Amino acid sequence: MAVILVTGAKGQLGNEIKISSKNYFGYEFIFTDIDTLDITDGRKVRKFISSNFCDWIINCSAYNFVDKAETDYDKAIQINGFAIKNLVDAIKGTDSRLIHFSTDYVFDGNANVPYNEKSPANPLSAYGKSKLEGEKYALQHSASMIIRTSWLYSQFGNNFVKSILNKGKVNEPLNVVFDQTGTPTYAADLADAVLLIISKVVRNQIAFNAGLYHYSNEGVCSWYDFATEIIQESGLKCRINPILSKDFPSAAKRPVYSVLDKSKIKENYGIEIPHWRSSLKRCMKLLKGTT
Ligand SMILES: NC(=O)c1ccc[n+]([C@@H]2O[C@H](COP(=O)([O-])OP(=O)(O)OC[C@H]3O[C@@H](n4cnc5c(N)ncnc54)[C@H](OP(=O)(O)O)[C@@H]3O)[C@@H](O)[C@H]2O)c1
């Protein structure tokens, strides 16, 4: 029986993995979060992993406060960077595989074609830098898969979809930037993809190929397009104004273009990825009545 440890399991992705795990029999899942396994505590991580042998670790823990990270880099690098070293050190010399997540914000946005795994990273923000450090630590383990994702949302936690729905209910015009282009990712799709990959490897249907990967939903949009679709889908009547990033000042600089090329994960692991519009519809159905 494969044992799968999920850290940061109370976050968006962790919760979606919990749901998806119900489709996988014959696997033992151990779900932890900061209250049960603080991954910044190297000693505790080593102790936990030595007494709970894990074939797979799916690290969903993260510090995702993009603007706050500009003034709180110490905390960001502890969780997004040094804690990954703790995980890697704890599984050094074992066959355990690590699946870790990173971000499109490792890119500077100067491209005009989708970023692939060989594109040079050049983060503009402290958050992006802390996540890039985490990637480097993860790559020190030969059996690590790092999946960069973008614009993550789900029925859980705080995210752009919920924030637009809540603001939309006030029925005042909303200003949303239209000069940042990327792709939303429904965390439920990513969770399903990760467990499908693990199950294919466990059943020897496919070889495990470590390294960097990109995963978002299919398609491309601006935050303005995304917000417009959320409001349309919700039936709310709120008006949305497209604005430029320069008119929406924020502490952290974000890439103007961060579309991810997902060819590698699709080809290596036979993954089919839904379009962001159809995934948004599925999430909105779940959210109806809860926001
Ligand atoms: N959210 C996005 O838009 C986005 C975009 C691109 C990439 N990603 C990446 O995708 C992955 C999943 O993101 P997500 O949105 O699911 O994250 P999330 O909802 O913020 O969840 C992260 C979880 O990690 C926990 N955590 C924080 N510090 C911890 C520690 N020291 N030890 C153990 N757990 C800790 C958090 O607990 P607390 O809530 O108590 O802090 C939270 O439950 C992350 O690697 C993230 O960087 C996210």
# chains A, B, ... in the order shown; residues from 1 in each chain; ligands from 1
>>> residues_around(residues="Gln155 (chain A)", least_positions_apart="2", cutoff="9 Å", atoms="only C-alpha atoms", output="list of chain:residue names")
A:Gln12, A:Glu16, A:Tyr153, A:Gly157, A:Asn158, A:Asn159, A:Val161, A:Lys162, A:Ala187, A:Ala188, A:Cys283, A:Met284, A:Leu286, A:Leu287, A:Thr290
>>> residues_around(residues="Ala121 (chain A)", least_positions_apart="3", cutoff="10 Å", atoms="only C-alpha atoms", output="list in words")
Asp104, Tyr105, Val106, Phe107, Asp108, Gly109, Tyr115, Glu117, Lys118, Leu124, Gly128, Lys129 and Leu132 of chain A
>>> write_last_selection(atoms="C-alpha atoms", output="compact mmCIF listing (two decimals), in the first residue's frame")
# COMPACT_ATOMS: atom_id res chain seq x y z
CA ASP A 104 4.00 31.42 -12.49
CA TYR A 105 5.35 34.41 -10.48
CA VAL A 106 8.88 33.01 -10.88
CA PHE A 107 8.72 34.58 -14.36
CA ASP A 108 9.18 38.25 -15.20
CA GLY A 109 6.36 38.38 -17.75
CA TYR A 115 6.53 29.79 -20.56
CA GLU A 117 10.03 24.53 -17.99
CA LYS A 118 13.24 25.63 -19.72
CA LEU A 124 9.79 40.33 -9.89
CA GLY A 128 8.32 34.81 -6.50
CA LYS A 129 11.90 34.80 -5.17
CA LEU A 132 12.09 29.97 -6.67
>>> closest_atom_pairs(of="chain A", to="ligand 1", cutoff="9 Å", atoms="only C-alpha atoms and all ligand atoms", output="CSV")
residue,atom,partner,partner_atom_place_in_ligand_line,distance
A:Thr7,CA,ligand 1,33 (C),5.9
A:Gly8,CA,ligand 1,24 (O),3.6
A:Ala9,CA,ligand 1,43 (O),5.8
A:Lys10,CA,ligand 1,43 (O),4.0
A:Gly11,CA,ligand 1,21 (O),3.2
A:Gln12,CA,ligand 1,16 (O),3.6
A:Leu13,CA,ligand 1,16 (O),3.7
A:Gly14,CA,ligand 1,16 (O),5.9
A:Asn15,CA,ligand 1,16 (O),7.8
A:Glu16,CA,ligand 1,16 (O),8.5
A:Thr32,CA,ligand 1,33 (C),7.3
A:Asp33,CA,ligand 1,34 (N),4.4
A:Ile34,CA,ligand 1,33 (C),3.6
A:Asp35,CA,ligand 1,33 (C),7.3
A:Thr36,CA,ligand 1,33 (C),7.8
A:Leu37,CA,ligand 1,33 (C),5.7
A:Asp38,CA,ligand 1,32 (N),3.6
A:Ile39,CA,ligand 1,32 (N),4.1
A:Thr40,CA,ligand 1,31 (N),4.9
A:Asp41,CA,ligand 1,31 (N),7.6
A:Asn59,CA,ligand 1,45 (O),7.2
A:Cys60,CA,ligand 1,12 (C),4.8
A:Ser61,CA,ligand 1,24 (O),3.2
A:Ala62,CA,ligand 1,22 (C),4.6
A:Tyr63,CA,ligand 1,27 (C),5.7
A:Asn64,CA,ligand 1,20 (O),5.4
A:Phe65,CA,ligand 1,20 (O),8.0
A:Gln78,CA,ligand 1,31 (N),7.7
A:Ile79,CA,ligand 1,31 (N),5.4
A:Asn80,CA,ligand 1,47 (O),7.3
A:Ala83,CA,ligand 1,31 (N),7.2
A:His100,CA,ligand 1,45 (O),6.6
A:Phe101,CA,ligand 1,45 (O),4.1
A:Ser102,CA,ligand 1,45 (O),5.1
A:Thr103,CA,ligand 1,7 (C),4.0
A:Asp104,CA,ligand 1,6 (C),6.2
A:Tyr105,CA,ligand 1,6 (C),7.3
A:Tyr127,CA,ligand 1,47 (O),8.8
A:Lys131,CA,ligand 1,47 (O),6.9
A:Ile147,CA,ligand 1,10 (O),8.4
A:Arg148,CA,ligand 1,7 (C),6.3
A:Thr149,CA,ligand 1,7 (C),4.8
A:Ser150,CA,ligand 1,6 (C),4.0
A:Trp151,CA,ligand 1,3 (O),4.2
A:Leu152,CA,ligand 1,3 (O),3.9
A:Tyr153,CA,ligand 1,3 (O),6.4
A:Ser154,CA,ligand 1,15 (O),8.4
A:Phe156,CA,ligand 1,19 (O),7.5
A:Gly157,CA,ligand 1,19 (O),5.8
A:Asn158,CA,ligand 1,19 (O),7.3
A:Asn159,CA,ligand 1,1 (N),6.9
A:Phe160,CA,ligand 1,3 (O),8.0
A:Pro184,CA,ligand 1,3 (O),8.4
A:Thr185,CA,ligand 1,5 (C),8.2
A:Ala187,CA,ligand 1,16 (O),7.2
>>> atom_distance(atom1="CA of Ile146 (chain A)", atom2="CA of Arg277 (chain A)")
25.2 Å
>>> select_by_dssp(residues="region 100-205 of chain A", states="strand (DSSP E or B)", output="list in words")
His100, Phe101, Ser102, Thr103, Tyr115, Ser144, Met145, Ile146, Ile147, Arg148, Thr149, Leu152, Tyr153, Leu174, Asn175, Val176, Val177, Thr181, Gly182, Thr185 and Tyr186 of chain A
>>> atom_distance(atom1="CA of Phe208 (chain A)", atom2="CA of Ile265 (chain A)")
11.4 Å
>>> residues_around(residues="region 239-242 of chain A", least_positions_apart="6", cutoff="7 Å", atoms="only C-alpha atoms", output="mmCIF file with all heavy atoms, in the first residue's frame")
data_model
loop_
_atom_site.group_PDB
_atom_site.id
_atom_site.type_symbol
_atom_site.label_atom_id
_atom_site.label_comp_id
_atom_site.auth_asym_id
_atom_site.auth_seq_id
_atom_site.Cartn_x
_atom_site.Cartn_y
_atom_site.Cartn_z
ATOM 1 N N PRO A 173 -19.701 49.233 -9.106
ATOM 2 C CA PRO A 173 -18.748 48.865 -10.161
ATOM 3 C C PRO A 173 -17.408 48.412 -9.576
ATOM 4 O O PRO A 173 -16.949 48.956 -8.570
ATOM 5 C CB PRO A 173 -18.568 50.158 -10.959
ATOM 6 C CG PRO A 173 -19.721 51.008 -10.593
ATOM 7 C CD PRO A 173 -20.181 50.612 -9.229
ATOM 8 N N LEU A 174 -16.833 47.405 -10.215
ATOM 9 C CA LEU A 174 -15.546 46.858 -9.747
ATOM 10 C C LEU A 174 -14.471 47.174 -10.783
ATOM 11 O O LEU A 174 -14.711 47.034 -11.990
ATOM 12 C CB LEU A 174 -15.646 45.339 -9.680
ATOM 13 C CG LEU A 174 -16.212 44.680 -8.443
ATOM 14 C CD1 LEU A 174 -16.235 43.171 -8.647
ATOM 15 C CD2 LEU A 174 -15.313 45.018 -7.271
ATOM 16 N N ASN A 175 -13.314 47.589 -10.324
ATOM 17 C CA ASN A 175 -12.192 47.824 -11.241
ATOM 18 C C ASN A 175 -11.262 46.621 -11.215
ATOM 19 O O ASN A 175 -10.783 46.241 -10.143
ATOM 20 C CB ASN A 175 -11.405 49.062 -10.802
ATOM 21 C CG ASN A 175 -12.245 50.317 -10.899
ATOM 22 O OD1 ASN A 175 -13.165 50.387 -11.713
ATOM 23 N ND2 ASN A 175 -11.950 51.300 -10.069
ATOM 24 N N VAL A 176 -10.998 46.042 -12.381
ATOM 25 C CA VAL A 176 -10.122 44.856 -12.424
ATOM 26 C C VAL A 176 -9.112 45.026 -13.570
ATOM 27 O O VAL A 176 -9.490 45.455 -14.671
ATOM 28 C CB VAL A 176 -10.941 43.557 -12.619
ATOM 29 C CG1 VAL A 176 -10.026 42.337 -12.579
ATOM 30 C CG2 VAL A 176 -12.014 43.417 -11.546
ATOM 31 N N VAL A 177 -7.857 44.667 -13.290
ATOM 32 C CA VAL A 177 -6.796 44.899 -14.292
ATOM 33 C C VAL A 177 -6.980 44.006 -15.531
ATOM 34 O O VAL A 177 -7.337 42.836 -15.410
ATOM 35 C CB VAL A 177 -5.381 44.711 -13.708
ATOM 36 C CG1 VAL A 177 -5.115 45.715 -12.599
ATOM 37 C CG2 VAL A 177 -5.149 43.302 -13.200
ATOM 38 N N PHE A 178 -6.711 44.616 -16.678
ATOM 39 C CA PHE A 178 -6.839 43.840 -17.923
ATOM 40 C C PHE A 178 -5.506 43.701 -18.643
ATOM 41 O O PHE A 178 -5.440 43.123 -19.730
ATOM 42 C CB PHE A 178 -7.912 44.442 -18.853
ATOM 43 C CG PHE A 178 -7.475 45.686 -19.577
ATOM 44 C CD1 PHE A 178 -7.145 45.638 -20.930
ATOM 45 C CD2 PHE A 178 -7.389 46.893 -18.918
ATOM 46 C CE1 PHE A 178 -6.745 46.780 -21.608
ATOM 47 C CE2 PHE A 178 -6.984 48.039 -19.578
ATOM 48 C CZ PHE A 178 -6.653 47.990 -20.925
ATOM 49 N N TYR A 224 -9.370 40.742 -15.744
ATOM 50 C CA TYR A 224 -10.657 41.372 -16.095
ATOM 51 C C TYR A 224 -11.594 40.351 -16.762
ATOM 52 O O TYR A 224 -12.774 40.244 -16.402
ATOM 53 C CB TYR A 224 -10.393 42.574 -17.031
ATOM 54 C CG TYR A 224 -11.628 43.061 -17.741
ATOM 55 C CD1 TYR A 224 -12.558 43.847 -17.077
ATOM 56 C CD2 TYR A 224 -11.858 42.723 -19.085
ATOM 57 C CE1 TYR A 224 -13.707 44.282 -17.726
ATOM 58 C CE2 TYR A 224 -12.991 43.160 -19.729
ATOM 59 C CZ TYR A 224 -13.919 43.933 -19.051
ATOM 60 O OH TYR A 224 -15.053 44.350 -19.695
ATOM 61 N N THR A 228 -15.096 39.037 -15.211
ATOM 62 C CA THR A 228 -16.325 39.189 -16.007
ATOM 63 C C THR A 228 -17.065 37.860 -16.099
ATOM 64 O O THR A 228 -18.290 37.789 -15.954
ATOM 65 C CB THR A 228 -15.964 39.716 -17.423
ATOM 66 O OG1 THR A 228 -15.253 40.924 -17.256
ATOM 67 C CG2 THR A 228 -17.189 39.975 -18.266
#
>>> closest_residue(among="A:Cys221, A:Ala227, A:Val113, A:Leu195", to="Phe29 (chain A)", atoms="only C-alpha atoms")
A:Leu195
>>> closest_atom_pairs(of="region 182-220 of chain A", to="region 245-259 of chain A", cutoff="8 Å", atoms="only C-alpha atoms", output="tab-separated table")
residue	atom	partner	partner_atom	distance
A:Gly182	CA	A:Val259	CA	4.4
A:Thr183	CA	A:Val259	CA	5.9
A:Val220	CA	A:Val259	CA	6.9
>>> atom_distance(atom1="CA of Ala76 (chain A)", atom2="CA of Val88 (chain A)")
18.0 Å
>>> select_by_dssp(residues="region 46-255 of chain A", states="helix (DSSP H, G or I)", output="ChimeraX atom specification")
/A:46-51,68-70,73-91,104-106,126-139,160-169,187-202,223-234,245-247
>>> closest_residue(among="A:Ile271, A:Ile4, A:Ser51, A:Pro114", to="Asp192 (chain A)", atoms="only C-alpha atoms")
A:Ile271
>>> closest_residue(among="A:Ala191, A:Ile77, A:Val66, A:Ile273", to="Val6 (chain A)", atoms="only C-alpha atoms")
A:Ala191
>>> closest_residue(among="A:Leu244, A:Val201, A:Ile99, A:Ile164", to="Glu229 (chain A)", atoms="only C-alpha atoms")
A:Ile164
>>> closest_residue(among="A:Ser163, A:Asn209, A:Ser125, A:Asn110", to="Ser144 (chain A)", atoms="only C-alpha atoms")
A:Asn209
>>> closest_residue(among="A:Ser50, A:Ser222, A:Gln180, A:Ser263", to="Thr94 (chain A)", atoms="only C-alpha atoms")
A:Ser50
